[in-house]
Structure formats: C-alpha cells, structure tokens
$ cat work.tsv   # TSV, C-alpha atoms and all ligand atoms
chain	number	residue	atom	x	y	z
A	1	MET	CA	13.78	-9.11	12.39
A	2	GLU	CA	12.22	-7.80	15.58
A	3	LYS	CA	9.11	-9.55	16.87
A	4	ILE	CA	6.14	-7.66	15.54
A	5	SER	CA	3.33	-6.35	17.78
A	6	PHE	CA	1.03	-3.33	17.89
A	7	LYS	CA	0.12	-1.33	20.99
A	8	LYS	CA	-3.13	-0.18	19.47
A	9	THR	CA	-4.98	-2.10	16.72
A	10	TYR	CA	-7.93	0.23	15.95
A	11	SER	CA	-9.98	-2.98	16.12
A	12	PRO	CA	-11.75	-5.22	18.66
A	13	LEU	CA	-9.12	-7.80	17.65
A	14	ASN	CA	-5.81	-7.69	19.51
A	15	SER	CA	-2.34	-7.53	18.00
A	16	GLU	CA	-1.80	-11.33	17.94
A	17	GLU	CA	-5.20	-11.90	16.33
A	18	ILE	CA	-4.48	-9.35	13.57
A	19	ILE	CA	-1.07	-10.91	12.91
A	20	ALA	CA	-2.49	-14.47	12.84
A	21	LYS	CA	-5.28	-13.49	10.40
A	22	GLN	CA	-2.81	-11.73	8.16
A	23	LYS	CA	-0.44	-14.74	8.17
A	24	ALA	CA	-3.29	-17.05	7.12
A	25	MET	CA	-3.99	-14.87	4.06
A	26	MET	CA	-0.61	-15.14	2.34
A	27	ASP	CA	2.55	-17.12	1.71
A	28	GLN	CA	5.70	-16.63	3.78
A	29	LYS	CA	7.41	-14.40	1.22
A	30	ARG	CA	4.50	-11.94	1.11
A	31	PHE	CA	4.23	-12.03	4.91
A	32	GLU	CA	7.91	-11.07	5.20
A	33	HIS	CA	7.38	-8.25	2.70
A	34	CYS	CA	4.58	-6.96	4.96
A	35	ILE	CA	6.92	-7.05	7.97
A	36	GLY	CA	9.50	-5.13	5.93
A	37	VAL	CA	6.92	-2.50	4.96
A	38	SER	CA	5.82	-2.27	8.60
A	39	GLU	CA	9.37	-1.64	9.85
A	40	THR	CA	10.11	0.85	7.08
A	41	SER	CA	6.79	2.65	7.74
A	42	LYS	CA	7.80	2.99	11.39
A	43	LYS	CA	11.14	4.48	10.40
A	44	LEU	CA	9.52	6.95	7.98
A	45	ALA	CA	6.96	7.86	10.66
A	46	ARG	CA	9.76	8.71	13.10
A	47	LEU	CA	11.46	10.89	10.49
A	48	ASN	CA	8.19	12.68	9.68
A	49	ASN	CA	6.75	13.12	13.19
A	50	TYR	CA	3.91	10.67	12.64
A	51	ASP	CA	2.54	8.02	15.06
A	52	GLU	CA	5.07	5.17	14.68
A	53	ASP	CA	2.82	2.40	15.97
A	54	LYS	CA	-0.06	3.41	13.67
A	55	ALA	CA	2.27	3.58	10.66
A	56	ALA	CA	3.69	0.14	11.55
A	57	LEU	CA	0.17	-1.33	11.65
A	58	ALA	CA	-0.92	0.27	8.34
A	59	GLY	CA	2.31	-0.87	6.67
A	60	PHE	CA	1.86	-4.40	8.00
A	61	ILE	CA	-1.68	-4.87	6.66
A	62	HIS	CA	-1.23	-2.96	3.37
A	63	ASP	CA	-1.15	-6.16	1.24
A	64	TYR	CA	-3.74	-8.08	3.31
A	65	ALA	CA	-5.78	-8.82	0.14
A	66	LYS	CA	-2.83	-9.44	-2.20
A	67	GLN	CA	-3.56	-13.16	-2.64
A	68	ILE	CA	-7.34	-13.08	-2.78
A	69	PRO	CA	-8.61	-14.72	-6.02
A	70	ASN	CA	-9.82	-12.57	-8.93
A	71	GLU	CA	-13.39	-13.92	-8.72
A	72	GLU	CA	-13.69	-12.69	-5.14
A	73	PHE	CA	-12.47	-9.21	-6.07
A	74	ILE	CA	-14.91	-9.07	-9.00
A	75	LYS	CA	-17.82	-10.19	-6.82
A	76	VAL	CA	-17.04	-7.52	-4.19
A	77	ILE	CA	-16.60	-4.76	-6.82
A	78	LYS	CA	-20.03	-5.62	-8.22
A	79	GLU	CA	-21.86	-6.15	-4.92
A	80	GLU	CA	-20.29	-3.54	-2.63
A	81	ASN	CA	-20.69	-0.43	-4.80
A	82	PHE	CA	-17.10	0.00	-5.91
A	83	ASP	CA	-16.56	2.04	-9.11
A	84	PRO	CA	-17.43	-0.37	-11.98
A	85	ASP	CA	-14.51	1.11	-13.97
A	86	LEU	CA	-12.29	-0.99	-11.66
A	87	LEU	CA	-13.38	-4.01	-13.69
A	88	ASN	CA	-11.30	-2.58	-16.57
A	89	TYR	CA	-8.17	-3.05	-14.43
A	90	ASN	CA	-6.70	-6.04	-12.67
A	91	ARG	CA	-5.66	-7.41	-9.27
A	92	ALA	CA	-2.57	-5.15	-9.20
A	93	ILE	CA	-5.05	-2.28	-8.68
A	94	TRP	CA	-7.78	-4.21	-6.84
A	95	HIS	CA	-5.77	-5.54	-3.89
A	96	GLY	CA	-5.38	-2.07	-2.36
A	97	ILE	CA	-8.67	-0.39	-3.26
A	98	VAL	CA	-10.89	-3.43	-2.73
A	99	GLY	CA	-8.54	-4.67	-0.03
A	100	THR	CA	-10.10	-2.07	2.26
A	101	TYR	CA	-13.35	-4.08	2.13
A	102	PHE	CA	-11.61	-7.28	3.29
A	103	ILE	CA	-9.69	-5.42	6.01
A	104	LYS	CA	-12.94	-4.00	7.40
A	105	ARG	CA	-14.66	-7.39	7.14
A	106	ASP	CA	-11.91	-9.59	8.58
A	107	LEU	CA	-9.67	-7.35	10.68
A	108	LYS	CA	-12.53	-5.07	11.82
A	109	ILE	CA	-10.41	-1.97	11.33
A	110	GLU	CA	-12.57	1.10	10.62
A	111	ASP	CA	-10.01	3.86	11.10
A	112	GLU	CA	-10.35	6.06	7.98
A	113	GLU	CA	-6.73	7.17	7.99
A	114	ILE	CA	-5.50	3.56	7.91
A	115	LEU	CA	-8.09	2.48	5.32
A	116	THR	CA	-7.24	5.40	3.03
A	117	ALA	CA	-3.53	4.56	3.18
A	118	ILE	CA	-4.32	0.97	2.13
A	119	TYR	CA	-6.70	2.22	-0.58
A	120	ARG	CA	-4.00	4.46	-2.05
A	121	HIS	CA	-0.94	2.25	-1.52
A	122	THR	CA	-0.62	1.02	-5.14
A	123	THR	CA	-1.91	3.94	-7.24
A	124	ALA	CA	-1.21	6.89	-4.94
A	125	ASP	CA	-3.44	9.95	-5.52
A	126	SER	CA	-3.23	13.70	-6.08
A	127	GLU	CA	-4.29	14.18	-2.43
A	128	MET	CA	-2.20	12.21	0.05
A	129	THR	CA	-1.97	12.32	3.85
A	130	THR	CA	1.30	11.74	5.69
A	131	LEU	CA	0.26	8.14	6.41
A	132	ASP	CA	-0.65	7.57	2.72
A	133	LYS	CA	2.82	8.73	1.71
A	134	ILE	CA	4.55	6.66	4.39
A	135	VAL	CA	2.90	3.39	3.33
A	136	PHE	CA	3.22	4.13	-0.39
A	137	VAL	CA	6.96	4.81	-0.09
A	138	ALA	CA	7.71	2.07	2.48
A	139	ASP	CA	6.18	-0.49	0.10
A	140	PHE	CA	8.71	0.55	-2.55
A	141	ILE	CA	11.87	0.71	-0.43
A	142	GLU	CA	11.44	-1.96	2.28
A	143	PRO	CA	14.68	-3.94	2.88
A	144	GLN	CA	13.75	-6.92	0.69
A	145	ARG	CA	13.13	-4.80	-2.42
A	146	SER	CA	15.95	-5.08	-4.93
A	147	PHE	CA	15.63	-3.40	-8.30
A	148	PRO	CA	17.91	-1.00	-10.14
A	149	GLY	CA	17.35	2.35	-8.47
A	150	VAL	CA	16.16	1.13	-5.07
A	151	GLU	CA	19.21	2.58	-3.27
A	152	GLU	CA	18.54	5.99	-4.82
A	153	ALA	CA	14.83	5.65	-3.90
A	154	ARG	CA	15.79	4.95	-0.26
A	155	LYS	CA	18.16	7.90	-0.15
A	156	VAL	CA	15.59	10.29	-1.60
A	157	ALA	CA	12.69	9.00	0.55
A	158	PHE	CA	14.57	9.05	3.88
A	159	ASN	CA	15.70	12.58	3.10
A	160	ASN	CA	12.30	13.95	1.99
A	161	LEU	CA	9.03	11.98	2.01
A	162	ASP	CA	7.31	14.01	-0.75
A	163	GLU	CA	10.33	13.60	-3.01
A	164	GLY	CA	10.23	9.88	-2.27
A	165	VAL	CA	6.61	9.80	-3.50
A	166	GLY	CA	7.60	11.67	-6.69
A	167	PHE	CA	10.60	9.41	-7.33
A	168	GLU	CA	8.46	6.29	-6.93
A	169	LEU	CA	5.71	7.58	-9.23
A	170	ALA	CA	8.21	8.48	-11.97
A	171	HIS	CA	9.71	4.99	-11.68
A	172	THR	CA	6.28	3.29	-11.74
A	173	LEU	CA	5.00	5.32	-14.72
A	174	ASP	CA	8.21	4.54	-16.60
A	175	PHE	CA	7.78	0.82	-15.85
A	176	LEU	CA	4.12	0.82	-16.89
A	177	VAL	CA	4.77	2.67	-20.13
A	178	LYS	CA	7.72	0.42	-21.02
A	179	ASN	CA	5.46	-2.60	-20.53
A	180	ARG	CA	2.52	-0.95	-22.36
A	181	GLN	CA	0.30	-1.32	-19.27
A	182	LYS	CA	-2.90	0.65	-18.79
A	183	ILE	CA	-2.40	3.62	-16.43
A	184	TYR	CA	-5.04	3.93	-13.73
A	185	PRO	CA	-6.23	7.59	-13.81
A	186	LYS	CA	-5.31	8.21	-10.18
A	187	THR	CA	-1.75	7.01	-10.82
A	188	LEU	CA	-1.45	9.57	-13.61
A	189	LYS	CA	-2.98	12.35	-11.48
A	190	ALA	CA	-0.58	11.44	-8.68
A	191	TYR	CA	2.38	11.56	-11.07
A	192	ASN	CA	1.34	15.06	-12.23
A	193	LYS	CA	1.02	16.22	-8.65
A	194	TRP	CA	4.12	14.69	-7.00
A	195	ALA	CA	6.70	13.87	-9.68
A	196	ILE	CA	7.02	17.06	-11.74
A	197	LYS	CA	10.21	19.09	-11.30
A	198	ASN	CA	9.82	22.86	-10.89
A	199	ASN	CA	12.62	23.89	-13.20
B	1	LIG	P1	3.06	-4.95	-4.11
B	1	LIG	O1	1.59	-5.20	-3.84
B	1	LIG	O2	3.88	-4.99	-2.87
B	1	LIG	O3	3.59	-5.87	-5.17
B	1	LIG	O4	3.21	-3.45	-4.69
B	1	LIG	P2	2.12	-2.42	-5.22
B	1	LIG	O5	0.85	-2.57	-4.49
B	1	LIG	O6	2.75	-1.06	-5.18
B	1	LIG	O7	2.00	-2.68	-6.78
B	1	LIG	C1	1.44	-3.77	-7.43
B	1	LIG	C2	1.63	-3.55	-8.92
B	1	LIG	O8	0.74	-2.56	-9.42
B	1	LIG	C3	3.03	-3.11	-9.38
B	1	LIG	O9	3.53	-4.06	-10.31
B	1	LIG	C4	2.79	-1.76	-10.06
B	1	LIG	O10	3.63	-1.57	-11.17
B	1	LIG	C5	1.35	-1.89	-10.48
B	1	LIG	N1	0.69	-0.59	-10.75
B	1	LIG	C6	0.80	0.57	-10.06
B	1	LIG	N2	0.08	1.55	-10.64
B	1	LIG	C7	-0.51	0.99	-11.74
B	1	LIG	C8	-1.35	1.49	-12.79
B	1	LIG	O11	-1.73	2.67	-12.87
B	1	LIG	N3	-1.75	0.61	-13.74
B	1	LIG	C9	-1.38	-0.71	-13.74
B	1	LIG	N4	-1.81	-1.50	-14.71
B	1	LIG	N5	-0.58	-1.21	-12.77
B	1	LIG	C10	-0.14	-0.38	-11.79
B	2	FE	FE	0.40	-3.87	-2.76
B	3	FE	FE	3.33	-4.36	-0.92

$ encode --input "work.tsv" --output "structure tokens" --more "lines below"
Ligand code: GDP
Ligand code: FE
Ligand code: FE
Amino acid sequence: MEKISFKKTYSPLNSEEIIAKQKAMMDQKRFEHCIGVSETSKKLARLNNYDEDKAALAGFIHDYAKQIPNEEFIKVIKEENFDPDLLNYNRAIWHGIVGTYFIKRDLKIEDEEILTAIYRHTTADSEMTTLDKIVFVADFIEPQRSFPGVEEARKVAFNNLDEGVGFELAHTLDFLVKNRQKIYPKTLKAYNKWAIKNN
C-alpha cells in the first residue's frame, strides 16, 4: 500500500490533516477500504482522462460518515433541510447523502464536484459526472472487495466506465430485491439509465 497524500485538498486543511480526521472517524478496516477506493479511483481516473489526484481524494473521503450514529444523521436530516423522505430509509443511504454535510463541516471541502460524487456514491443517479462514476465504481471493485462477480465487475469497469456503472447497478438491484429491501428512487432511476441493454 503506497503512502497516501494529496497534492491539492480543496480545503484550508492540508493532506495530513484530512487523513488524520478521516482516520479518527472509523475503524481500521473501513479506513483501509477508503484507501482501496482512493487507489482504484486514481486508476479509473487515469483510464478516463480525469484528474487523478482529485479522484484519489474523493475516493478516500467517500465513506467519511459511514460510522456516524443514526441519531446524528436523523438530527442533521431534520435540521439541515435534507429531504424528509430520507427518514424512510436507513444509514446505508444516509452516509453518502448526509455525509456531504459532515465533510463540509469537518473537512471544510466545498468543491461541488467532490461533494456530488460523495452524495451519489451509494445510490448513483440518472445524471452522473465522470467523477461520480469513478467513485461509485471504485467503491464496488476496490482490491479488498470479494464477492461472487467482483472479477467480472473489475474487467467490465476497467474496460468501460459506463458499463461498470451499469454492471454495478444491476448487481445492487438484484441484491436488494433478493433481500426484499426498499429501493431508493434514485437507485431505480440510475438502474433504468445505466443498466439497460440496447438489444
Ligand atoms: P459501502 O459504504 O462501502 O459499504 O458501500 P455503499 O455506500 O455502496 O453501500 C452501502 C449499502 O447500501 C450496500 O449494502 C447497498 O446494497 C445499499 N444500497 C444501495 N442502494 C440502495 C437502495 O436503493 N436501497 C437500500 N435499502 N439500500 C441500498
Ligand atoms: Fe459508502
Ligand atoms: Fe465504500
């Protein structure tokens, strides 16, 4: 694992400060997942002519809020004008969307492109920027992920980013339906946009 650092942080905080704050928010296993997503984001950025350092930073902080308690998420949804419909979902959905609030508050990152990629990293959306797609896909295929189909997901995603998004959404929808989980509307819209085959 290479030592992680960012040339530009899009924040008054420097690279070490961002990394230290992130480390304090999560256990070692989650922290290592974030490093994996960062490295995979960088690789996908290189393949798709996107800013590698910016992708590495967005990938690194994508799960910043993953271990924040439910009560804190609920309080922020109610007090910071998030869509009240979010209360009908759970932390699986909250940590990305509401995570943007904690990233602005604690890491002082205001860059809209980065914040949108964090916002969309779990559910995806019908509209996605290159950075949104990079972080969404990197989260699914980073080296520590091991589930049936991950090798195929890696192959597809490294070959074509949009197809990687579609593959991931089909897999996620399948998983959610099998487990009779509620589908967040944006996840369904994203599936319809990115996962449908033309023939
Ligand atoms: P992680 O934070 O690295 O574990 O990965 P993600 O942020 O991608 O996903 C967190 C969880 O959210 C996964 O278990 C997904 O299956 C789940 N998830 C994604 N979309 C939906 C959805 O529409 N509804 C529900 N209920 N869960 C979802
Ligand atoms: Fe996540
Ligand atoms: Fe993640």

$ closest_atom_pairs --input "work.tsv" --of "chain A" --to "ligand FE 2 (chain B)" --cutoff "7 Å" --atoms "only C-alpha atoms and all ligand atoms" --output "JSON lines"
{"residue": "A:His62", "atom": "CA", "partner": "B:FE2", "partner_atom": "FE", "distance": 6.4}
{"residue": "A:Asp63", "atom": "CA", "partner": "B:FE2", "partner_atom": "FE", "distance": 4.9}
{"residue": "A:Lys66", "atom": "CA", "partner": "B:FE2", "partner_atom": "FE", "distance": 6.5}
{"residue": "A:His95", "atom": "CA", "partner": "B:FE2", "partner_atom": "FE", "distance": 6.5}
{"residue": "A:Gly96", "atom": "CA", "partner": "B:FE2", "partner_atom": "FE", "distance": 6.1}
{"residue": "A:His121", "atom": "CA", "partner": "B:FE2", "partner_atom": "FE", "distance": 6.4}
{"residue": "A:Thr122", "atom": "CA", "partner": "B:FE2", "partner_atom": "FE", "distance": 5.5}

$ residues_near_ligand --input "work.tsv" --ligand "ligand FE 3 (chain B)" --cutoff "10 Å" --atoms "all atoms listed in the file" --output "JSON, numbers by chain"
{"A": [30, 31, 33, 34, 35, 36, 37, 59, 60, 61, 62, 63, 64, 66, 95, 96, 118, 121, 122, 135, 136, 137, 138, 139, 140, 141, 142, 145]}

$ closest_residue --input "work.tsv" --among "A:Thr100, A:Asn14, A:Gln67, A:Thr129" --to "Leu115 of chain A" --atoms "only C-alpha atoms"
A:Thr100

$ closest_atom_pairs --input "work.tsv" --of "segment 73-128 of chain A" --to "segment 152-171 of chain A" --cutoff "12 Å" --atoms "all atoms listed in the file" --output "CSV"
residue,atom,partner,partner_atom,distance
A:Arg120,CA,A:Val165,CA,12.0
A:His121,CA,A:Val165,CA,10.9
A:Thr122,CA,A:Leu169,CA,10.0
A:Thr123,CA,A:Leu169,CA,8.7
A:Ala124,CA,A:Leu169,CA,8.2
A:Asp125,CA,A:Leu169,CA,10.2
A:Ser126,CA,A:Val165,CA,10.9
A:Glu127,CA,A:Asp162,CA,11.7
A:Met128,CA,A:Asp162,CA,9.7

$ residues_around --input "work.tsv" --residues "Phe6 of chain A" --least-positions-apart "4" --cutoff "7 Å" --atoms "all atoms listed in the file" --output "list in words"
Ser15, Asp53 and Leu57 of chain A

$ closest_residue --input "work.tsv" --among "A:Met25, A:Val98, A:Ile134, A:Val150" --to "Lys78 of chain A" --atoms "all atoms listed in the file"
A:Val98

$ residues_near_point --input "work.tsv" --point "(-4.6, -11.1, 7.1)" --cutoff "8 Å" --atoms "all atoms listed in the file" --output "list in words"
Ile18, Ile19, Ala20, Lys21, Gln22, Lys23, Ala24, Met25, Met26, Ile61, Tyr64, Ala65, Ile103, Asp106 and Leu107 of chain A

$ closest_residue --input "work.tsv" --among "A:Glu72, A:Asp174, A:Asp27, A:Glu112" --to "ligand LIG 1 (chain B)" --atoms "only C-alpha atoms and all ligand atoms"
A:Asp174

$ closest_residue --input "work.tsv" --among "A:Asn192, A:Asn90, A:Gln144, A:Thr9" --to "ligand LIG 1 (chain B)" --atoms "only C-alpha atoms and all ligand atoms"
A:Asn90

$ closest_residue --input "work.tsv" --among "A:Ala58, A:Asp83, A:Glu16, A:Ile68" --to "Thr116 of chain A" --atoms "only C-alpha atoms"
A:Ala58

$ axis_aligned_box --input "work.tsv" --around "segment 64-74 of chain A" --padding-each-side "6 Å" --output "JSON"
{"center_x": -8.9, "center_y": -11.4, "center_z": -2.8, "size_x": 24.1, "size_y": 18.6, "size_z": 24.3}

$ build_atoms --input "work.tsv" --residues "segment 138-164 of chain A" --atoms "N, CA and C atoms" --output "short mmCIF file (atom, residue, chain, number, x, y, z; two decimals), keeping the file's coordinate frame"
data_model
loop_
_atom_site.label_atom_id
_atom_site.label_comp_id
_atom_site.auth_asym_id
_atom_site.auth_seq_id
_atom_site.Cartn_x
_atom_site.Cartn_y
_atom_site.Cartn_z
N ALA A 138 7.13 3.23 1.77
CA ALA A 138 7.71 2.07 2.48
C ALA A 138 7.55 0.80 1.65
N ASP A 139 6.44 0.67 0.95
CA ASP A 139 6.18 -0.49 0.10
C ASP A 139 7.27 -0.63 -0.99
N PHE A 140 7.74 0.49 -1.44
CA PHE A 140 8.71 0.55 -2.55
C PHE A 140 10.15 0.32 -2.10
N ILE A 141 10.45 0.73 -0.87
CA ILE A 141 11.87 0.71 -0.43
C ILE A 141 12.17 -0.26 0.71
N GLU A 142 11.19 -1.07 1.13
CA GLU A 142 11.44 -1.96 2.28
C GLU A 142 12.69 -2.82 1.99
N PRO A 143 13.36 -3.32 3.05
CA PRO A 143 14.68 -3.94 2.88
C PRO A 143 14.77 -5.06 1.84
N GLN A 144 13.67 -5.80 1.63
CA GLN A 144 13.75 -6.92 0.69
C GLN A 144 13.58 -6.52 -0.77
N ARG A 145 13.24 -5.26 -1.04
CA ARG A 145 13.13 -4.80 -2.42
C ARG A 145 14.52 -4.70 -3.03
N SER A 146 14.67 -5.23 -4.23
CA SER A 146 15.95 -5.08 -4.93
C SER A 146 15.64 -4.89 -6.41
N PHE A 147 15.78 -3.69 -6.87
CA PHE A 147 15.63 -3.40 -8.30
C PHE A 147 16.59 -2.25 -8.58
N PRO A 148 16.99 -2.10 -9.85
CA PRO A 148 17.91 -1.00 -10.14
C PRO A 148 17.26 0.32 -9.74
N GLY A 149 17.90 1.06 -8.89
CA GLY A 149 17.35 2.35 -8.47
C GLY A 149 16.82 2.34 -7.04
N VAL A 150 16.76 1.16 -6.41
CA VAL A 150 16.16 1.13 -5.07
C VAL A 150 17.02 1.89 -4.04
N GLU A 151 18.35 1.85 -4.21
CA GLU A 151 19.21 2.58 -3.27
C GLU A 151 18.96 4.09 -3.36
N GLU A 152 18.84 4.57 -4.59
CA GLU A 152 18.54 5.99 -4.82
C GLU A 152 17.16 6.32 -4.24
N ALA A 153 16.18 5.43 -4.45
CA ALA A 153 14.83 5.65 -3.90
C ALA A 153 14.88 5.77 -2.38
N ARG A 154 15.66 4.92 -1.73
CA ARG A 154 15.79 4.95 -0.26
C ARG A 154 16.41 6.27 0.18
N LYS A 155 17.46 6.67 -0.50
CA LYS A 155 18.16 7.90 -0.15
C LYS A 155 17.22 9.10 -0.24
N VAL A 156 16.52 9.18 -1.37
CA VAL A 156 15.59 10.29 -1.60
C VAL A 156 14.47 10.28 -0.55
N ALA A 157 13.86 9.11 -0.33
CA ALA A 157 12.69 9.00 0.55
C ALA A 157 13.03 9.29 2.02
N PHE A 158 14.21 8.80 2.48
CA PHE A 158 14.57 9.05 3.88
C PHE A 158 14.94 10.51 4.09
N ASN A 159 15.34 11.17 3.03
CA ASN A 159 15.70 12.58 3.10
C ASN A 159 14.47 13.49 3.02
N ASN A 160 13.50 13.11 2.17
CA ASN A 160 12.30 13.95 1.99
C ASN A 160 11.15 13.07 1.48
N LEU A 161 10.12 12.91 2.31
CA LEU A 161 9.03 11.98 2.01
C LEU A 161 8.31 12.32 0.70
N ASP A 162 8.01 13.61 0.48
CA ASP A 162 7.31 14.01 -0.75
C ASP A 162 8.15 13.70 -1.99
N GLU A 163 9.46 13.92 -1.86
CA GLU A 163 10.33 13.60 -3.01
C GLU A 163 10.40 12.10 -3.23
N GLY A 164 10.29 11.34 -2.16
CA GLY A 164 10.23 9.88 -2.27
C GLY A 164 8.99 9.44 -3.05
#
